[in-house]
Amino acid sequence: MSSTPALDQSRGRLWSEISIVLALSLGASAIYSIVSITNRLTRTESLSQQTATLNSSLSTRPTFDLIYQLLGITFDLAPVALVAFLLWNTTKPRLSRLGIDFTRPVRDGLTGVALALAIGIPGIAVYLGGRALGVTVNVVPAALDQFWWTVPVLLLSALRAGITEEVIVIGYLYARLGDLGWGRWQIIISTAILRGTYHLYQGIGAFIGNVAMGLLFGWLYTRYRRVLPLVIAHTLIDAAIFVGYGWALGAFPALLGTTE
């Protein structure tokens, strides 16, 4: 049976909405990452000799550096506000379509911590393995000067990543692709590939590791329909990396330093 014009129009509006949301957020990041990895792979030096910096200084003046950092974090969360607006329920829980209801904060928190521990160590192994194989760039998680606000900004940056990625890639896309009639594994695999793609600027190893993380997070979400544990786990992993990088570089310079 052919679809009706009204249904076709509705599907078209959904695809337009998804395209706009992704163009304002992680879809744009994915495109930039594809260009970045193409640029990196066509250079004379190998991937292992190249560096990607995640949190860098935005001004030589500390006060303005702080202002720019906070503005960047705030505006990066605008697409999250957009998807919350788009999927807002008129009845409680308001954000249930995004997998958010705040009804089990303790359980969600403990689950997030457990996930962070379960993913963090294998993630480090994937990164180091990629560096050893020459398929991952040297990632510098933080290159900020040391000020009173450095650690708080890094923690906010980790929170931004956790909220943006999990609310949009998991909560929003799973809802909208489900509205379009996509199957469970079709959604899990496609969003995991998207997650890996916007990390491609870090190298092939980062792509593989993030696809694996996306598959796990997607499977957990389709089973339990809770985004907060994923946000907490992602935030904790990034916070440990961002804040702990300076110590780790001093303790293990041969592993984490730039290859000469």
# chains A, B, ... in the order shown; residues from 1 in each chain; ligands from 1
>>> residues_around(residues="Ser56 of chain A", least_positions_apart="5", cutoff="10 Å", atoms="only C-alpha atoms", output="PDB file with all heavy atoms, in the first residue's frame")
ATOM      1  N   ASP A  65      39.728  34.773  28.261  1.00  0.00           N
ATOM      2  CA  ASP A  65      39.773  33.340  27.994  1.00  0.00           C
ATOM      3  C   ASP A  65      38.621  32.656  28.722  1.00  0.00           C
ATOM      4  O   ASP A  65      37.896  31.830  28.145  1.00  0.00           O
ATOM      5  CB  ASP A  65      41.121  32.765  28.449  1.00  0.00           C
ATOM      6  CG  ASP A  65      41.371  31.374  27.891  1.00  0.00           C
ATOM      7  OD1 ASP A  65      40.522  30.854  27.134  1.00  0.00           O
ATOM      8  OD2 ASP A  65      42.422  30.792  28.206  1.00  0.00           O
ATOM      9  N   GLN A  69      35.477  30.733  27.007  1.00  0.00           N
ATOM     10  CA  GLN A  69      35.221  29.332  27.352  1.00  0.00           C
ATOM     11  C   GLN A  69      33.772  29.132  27.774  1.00  0.00           C
ATOM     12  O   GLN A  69      33.100  28.193  27.323  1.00  0.00           O
ATOM     13  CB  GLN A  69      36.166  28.869  28.471  1.00  0.00           C
ATOM     14  CG  GLN A  69      37.647  28.924  28.150  1.00  0.00           C
ATOM     15  CD  GLN A  69      38.102  27.876  27.159  1.00  0.00           C
ATOM     16  OE1 GLN A  69      37.408  26.908  26.895  1.00  0.00           O
ATOM     17  NE2 GLN A  69      39.294  28.063  26.606  1.00  0.00           N
ATOM     18  N   VAL A 140      45.526  15.730  22.923  1.00  0.00           N
ATOM     19  CA  VAL A 140      45.807  16.550  24.105  1.00  0.00           C
ATOM     20  C   VAL A 140      44.464  17.019  24.654  1.00  0.00           C
ATOM     21  O   VAL A 140      43.847  17.936  24.095  1.00  0.00           O
ATOM     22  CB  VAL A 140      46.699  17.759  23.751  1.00  0.00           C
ATOM     23  CG1 VAL A 140      46.929  18.628  24.985  1.00  0.00           C
ATOM     24  CG2 VAL A 140      48.025  17.277  23.177  1.00  0.00           C
ATOM     25  N   PRO A 141      43.959  16.397  25.719  1.00  0.00           N
ATOM     26  CA  PRO A 141      42.626  16.738  26.219  1.00  0.00           C
ATOM     27  C   PRO A 141      42.509  18.153  26.767  1.00  0.00           C
ATOM     28  O   PRO A 141      41.428  18.738  26.740  1.00  0.00           O
ATOM     29  CB  PRO A 141      42.382  15.708  27.321  1.00  0.00           C
ATOM     30  CG  PRO A 141      43.326  14.588  27.015  1.00  0.00           C
ATOM     31  CD  PRO A 141      44.528  15.246  26.427  1.00  0.00           C
ATOM     32  N   ALA A 142      43.597  18.698  27.290  1.00  0.00           N
ATOM     33  CA  ALA A 142      43.535  20.034  27.875  1.00  0.00           C
ATOM     34  C   ALA A 142      44.852  20.759  27.660  1.00  0.00           C
ATOM     35  O   ALA A 142      45.910  20.229  27.986  1.00  0.00           O
ATOM     36  CB  ALA A 142      43.219  19.946  29.367  1.00  0.00           C
ATOM     37  N   ALA A 143      44.751  21.970  27.107  1.00  0.00           N
ATOM     38  CA  ALA A 143      45.939  22.802  26.901  1.00  0.00           C
ATOM     39  C   ALA A 143      45.671  24.206  27.427  1.00  0.00           C
ATOM     40  O   ALA A 143      46.028  25.200  26.801  1.00  0.00           O
ATOM     41  CB  ALA A 143      46.317  22.830  25.432  1.00  0.00           C
ATOM     42  N   LEU A 144      44.998  24.275  28.570  1.00  0.00           N
ATOM     43  CA  LEU A 144      44.691  25.556  29.196  1.00  0.00           C
ATOM     44  C   LEU A 144      45.776  25.912  30.202  1.00  0.00           C
ATOM     45  O   LEU A 144      46.335  25.035  30.866  1.00  0.00           O
ATOM     46  CB  LEU A 144      43.342  25.494  29.917  1.00  0.00           C
ATOM     47  CG  LEU A 144      42.096  25.246  29.060  1.00  0.00           C
ATOM     48  CD1 LEU A 144      40.878  25.090  29.955  1.00  0.00           C
ATOM     49  CD2 LEU A 144      41.890  26.392  28.082  1.00  0.00           C
ATOM     50  N   ASP A 145      46.059  27.196  30.331  1.00  0.00           N
ATOM     51  CA  ASP A 145      46.959  27.647  31.382  1.00  0.00           C
ATOM     52  C   ASP A 145      46.286  27.426  32.739  1.00  0.00           C
ATOM     53  O   ASP A 145      45.054  27.335  32.832  1.00  0.00           O
ATOM     54  CB  ASP A 145      47.303  29.131  31.199  1.00  0.00           C
ATOM     55  CG  ASP A 145      48.135  29.364  29.950  1.00  0.00           C
ATOM     56  OD1 ASP A 145      48.921  28.464  29.593  1.00  0.00           O
ATOM     57  OD2 ASP A 145      47.984  30.436  29.327  1.00  0.00           O
TER      58      ASP A 145
END
>>> residues_around(residues="segment 73-88 of chain A", least_positions_apart="2", cutoff="8 Å", atoms="only C-alpha atoms", output="VMD selection string")
chain A and resid 21 24 to 25 69 to 71 90 94 to 95 97 to 98 156 to 157 160 163 to 164 167 to 168 172
>>> residues_around(residues="segment 197-199 of chain A", least_positions_apart="6", cutoff="7 Å", atoms="only C-alpha atoms", output="PyMOL selection string")
chain A and resi 26+29-30+33+206-207
>>> select_by_dssp(residues="segment 53-250 of chain A", states="strand (DSSP E)", output="compact mmCIF listing (two decimals) with C-alpha atoms, in the first residue's frame")
# COMPACT_ATOMS: atom_id res chain seq x y z
CA THR A 53 43.85 19.48 21.09
CA ASN A 138 48.20 12.29 19.84
CA VAL A 139 45.18 13.69 21.68
CA VAL A 140 45.81 16.55 24.11
>>> select_by_dssp(residues="segment 163-255 of chain A", states="alpha helix (DSSP H)", output="ChimeraX atom specification")
/A:163-165,173-179,184-197,204-224,228-251,253-255
>>> closest_residue(among="A:Arg131, A:Lys92, A:Arg13, A:His234", to="Thr51 of chain A", atoms="only C-alpha atoms")
A:Arg131
>>> residues_around(residues="Arg184 of chain A", least_positions_apart="6", cutoff="10 Å", atoms="only C-alpha atoms", output="ChimeraX atom specification")
/A:174,177-178,218-219,222
>>> write_last_selection(atoms="N, CA, C and O atoms", output="compact mmCIF listing (two decimals), in the first residue's frame")
# COMPACT_ATOMS: atom_id res chain seq x y z
N TYR A 174 16.97 8.55 18.67
CA TYR A 174 16.23 7.31 18.85
C TYR A 174 14.73 7.57 18.79
O TYR A 174 13.96 6.76 18.25
N LEU A 177 14.02 8.76 14.85
CA LEU A 177 14.17 7.66 13.90
C LEU A 177 13.13 6.57 14.16
O LEU A 177 12.66 5.91 13.23
N GLY A 178 12.74 6.41 15.41
CA GLY A 178 11.64 5.50 15.73
C GLY A 178 10.34 6.00 15.14
O GLY A 178 9.52 5.21 14.63
N GLY A 218 23.65 2.37 22.93
CA GLY A 218 22.40 2.20 22.22
C GLY A 218 21.64 0.97 22.71
O GLY A 218 20.42 1.02 22.90
N TRP A 219 22.36 -0.12 22.90
CA TRP A 219 21.72 -1.34 23.40
C TRP A 219 21.14 -1.11 24.79
O TRP A 219 20.01 -1.52 25.08
N THR A 222 17.94 1.12 24.50
CA THR A 222 16.75 0.44 23.97
C THR A 222 16.18 -0.56 24.98
O THR A 222 15.01 -0.91 24.92
>>> residues_around(residues="Leu115 of chain A", least_positions_apart="4", cutoff="7 Å", atoms="only C-alpha atoms", output="PyMOL selection string")
chain A and resi 111+119+233
>>> write_last_selection(atoms="N, CA and C atoms", output="JSON list (two decimals), in the first residue's frame")
[["chain", "number", "residue", "atom", "x", "y", "z"],
["A", 111, "THR", "N", 24.54, 3.77, 38.32],
["A", 111, "THR", "CA", 24.69, 3.09, 37.03],
["A", 111, "THR", "C", 25.68, 3.84, 36.15],
["A", 119, "ILE", "N", 33.83, 1.35, 30.99],
["A", 119, "ILE", "CA", 34.23, 1.83, 29.67],
["A", 119, "ILE", "C", 35.58, 2.51, 29.70],
["A", 233, "ALA", "N", 27.89, 8.77, 32.84],
["A", 233, "ALA", "CA", 29.07, 7.99, 32.48],
["A", 233, "ALA", "C", 29.98, 8.76, 31.54]]
>>> residues_around(residues="Arg40 of chain A", least_positions_apart="3", cutoff="12 Å", atoms="only C-alpha atoms", output="list in words")
Ser33, Ile34, Val35, Ser36, Ile37, Arg43, Thr44, Glu45, Ser46, Leu47, Ser48, Gln49, Gln50, Thr51, Ala52, Val135, Thr136, Val137, Leu200, Tyr201, Gln202, Gly203 and Ile204 of chain A
>>> residues_around(residues="Val126 of chain A", least_positions_apart="6", cutoff="9 Å", atoms="only C-alpha atoms", output="ChimeraX atom specification")
/A:205-206,208-209
>>> closest_residue(among="A:Leu180, A:Ala6, A:Leu54, A:Val243", to="Val151 of chain A", atoms="only C-alpha atoms")
A:Val243
>>> closest_residue(among="A:Gly183, A:Gly162, A:Gly123, A:Gly171", to="Ala212 of chain A", atoms="only C-alpha atoms")
A:Gly123
>>> decode(residues="segment 125-142 of chain A", atoms="N, CA, C and O atoms", output="PDB file, in the first residue's frame")
ATOM      1  N   ALA A 125      42.848   1.665  26.744  1.00  0.00           N
ATOM      2  CA  ALA A 125      43.556   0.616  26.012  1.00  0.00           C
ATOM      3  C   ALA A 125      43.391   0.789  24.503  1.00  0.00           C
ATOM      4  O   ALA A 125      44.346   0.601  23.735  1.00  0.00           O
ATOM      5  N   VAL A 126      42.169   1.156  24.065  1.00  0.00           N
ATOM      6  CA  VAL A 126      41.926   1.377  22.635  1.00  0.00           C
ATOM      7  C   VAL A 126      42.766   2.549  22.133  1.00  0.00           C
ATOM      8  O   VAL A 126      43.368   2.487  21.054  1.00  0.00           O
ATOM      9  N   TYR A 127      42.823   3.617  22.941  1.00  0.00           N
ATOM     10  CA  TYR A 127      43.612   4.786  22.551  1.00  0.00           C
ATOM     11  C   TYR A 127      45.090   4.433  22.435  1.00  0.00           C
ATOM     12  O   TYR A 127      45.743   4.757  21.424  1.00  0.00           O
ATOM     13  N   LEU A 128      45.634   3.771  23.440  1.00  0.00           N
ATOM     14  CA  LEU A 128      47.051   3.417  23.419  1.00  0.00           C
ATOM     15  C   LEU A 128      47.349   2.421  22.306  1.00  0.00           C
ATOM     16  O   LEU A 128      48.401   2.490  21.657  1.00  0.00           O
ATOM     17  N   GLY A 129      46.410   1.492  22.063  1.00  0.00           N
ATOM     18  CA  GLY A 129      46.593   0.551  20.964  1.00  0.00           C
ATOM     19  C   GLY A 129      46.608   1.248  19.623  1.00  0.00           C
ATOM     20  O   GLY A 129      47.416   0.932  18.738  1.00  0.00           O
ATOM     21  N   GLY A 130      45.703   2.226  19.464  1.00  0.00           N
ATOM     22  CA  GLY A 130      45.678   3.002  18.231  1.00  0.00           C
ATOM     23  C   GLY A 130      46.945   3.800  18.025  1.00  0.00           C
ATOM     24  O   GLY A 130      47.446   3.919  16.906  1.00  0.00           O
ATOM     25  N   ARG A 131      47.480   4.350  19.123  1.00  0.00           N
ATOM     26  CA  ARG A 131      48.740   5.092  19.030  1.00  0.00           C
ATOM     27  C   ARG A 131      49.877   4.150  18.622  1.00  0.00           C
ATOM     28  O   ARG A 131      50.714   4.495  17.786  1.00  0.00           O
ATOM     29  N   ALA A 132      49.901   2.954  19.207  1.00  0.00           N
ATOM     30  CA  ALA A 132      50.960   1.991  18.892  1.00  0.00           C
ATOM     31  C   ALA A 132      50.895   1.544  17.436  1.00  0.00           C
ATOM     32  O   ALA A 132      51.925   1.321  16.798  1.00  0.00           O
ATOM     33  N   LEU A 133      49.666   1.424  16.915  1.00  0.00           N
ATOM     34  CA  LEU A 133      49.492   0.988  15.532  1.00  0.00           C
ATOM     35  C   LEU A 133      49.615   2.140  14.536  1.00  0.00           C
ATOM     36  O   LEU A 133      49.598   1.919  13.325  1.00  0.00           O
ATOM     37  N   GLY A 134      49.697   3.373  15.051  1.00  0.00           N
ATOM     38  CA  GLY A 134      49.839   4.527  14.174  1.00  0.00           C
ATOM     39  C   GLY A 134      48.555   4.978  13.509  1.00  0.00           C
ATOM     40  O   GLY A 134      48.595   5.673  12.500  1.00  0.00           O
ATOM     41  N   VAL A 135      47.385   4.596  14.083  1.00  0.00           N
ATOM     42  CA  VAL A 135      46.112   4.972  13.462  1.00  0.00           C
ATOM     43  C   VAL A 135      45.346   5.989  14.311  1.00  0.00           C
ATOM     44  O   VAL A 135      44.199   6.315  13.997  1.00  0.00           O
ATOM     45  N   THR A 136      45.966   6.463  15.381  1.00  0.00           N
ATOM     46  CA  THR A 136      45.342   7.454  16.251  1.00  0.00           C
ATOM     47  C   THR A 136      46.313   8.605  16.475  1.00  0.00           C
ATOM     48  O   THR A 136      47.507   8.376  16.705  1.00  0.00           O
ATOM     49  N   VAL A 137      45.793   9.823  16.427  1.00  0.00           N
ATOM     50  CA  VAL A 137      46.661  10.980  16.640  1.00  0.00           C
ATOM     51  C   VAL A 137      46.932  11.142  18.134  1.00  0.00           C
ATOM     52  O   VAL A 137      46.260  10.550  18.979  1.00  0.00           O
ATOM     53  N   ASN A 138      47.935  11.946  18.448  1.00  0.00           N
ATOM     54  CA  ASN A 138      48.203  12.292  19.839  1.00  0.00           C
ATOM     55  C   ASN A 138      47.135  13.279  20.301  1.00  0.00           C
ATOM     56  O   ASN A 138      47.049  14.398  19.803  1.00  0.00           O
ATOM     57  N   VAL A 139      46.277  12.851  21.205  1.00  0.00           N
ATOM     58  CA  VAL A 139      45.179  13.690  21.680  1.00  0.00           C
ATOM     59  C   VAL A 139      45.600  14.411  22.957  1.00  0.00           C
ATOM     60  O   VAL A 139      45.996  13.770  23.935  1.00  0.00           O
ATOM     61  N   VAL A 140      45.526  15.730  22.923  1.00  0.00           N
ATOM     62  CA  VAL A 140      45.807  16.550  24.105  1.00  0.00           C
ATOM     63  C   VAL A 140      44.464  17.019  24.654  1.00  0.00           C
ATOM     64  O   VAL A 140      43.847  17.936  24.095  1.00  0.00           O
ATOM     65  N   PRO A 141      43.959  16.397  25.719  1.00  0.00           N
ATOM     66  CA  PRO A 141      42.626  16.738  26.219  1.00  0.00           C
ATOM     67  C   PRO A 141      42.509  18.153  26.767  1.00  0.00           C
ATOM     68  O   PRO A 141      41.428  18.738  26.740  1.00  0.00           O
ATOM     69  N   ALA A 142      43.597  18.698  27.290  1.00  0.00           N
ATOM     70  CA  ALA A 142      43.535  20.034  27.875  1.00  0.00           C
ATOM     71  C   ALA A 142      44.852  20.759  27.660  1.00  0.00           C
ATOM     72  O   ALA A 142      45.910  20.229  27.986  1.00  0.00           O
TER      73      ALA A 142
END
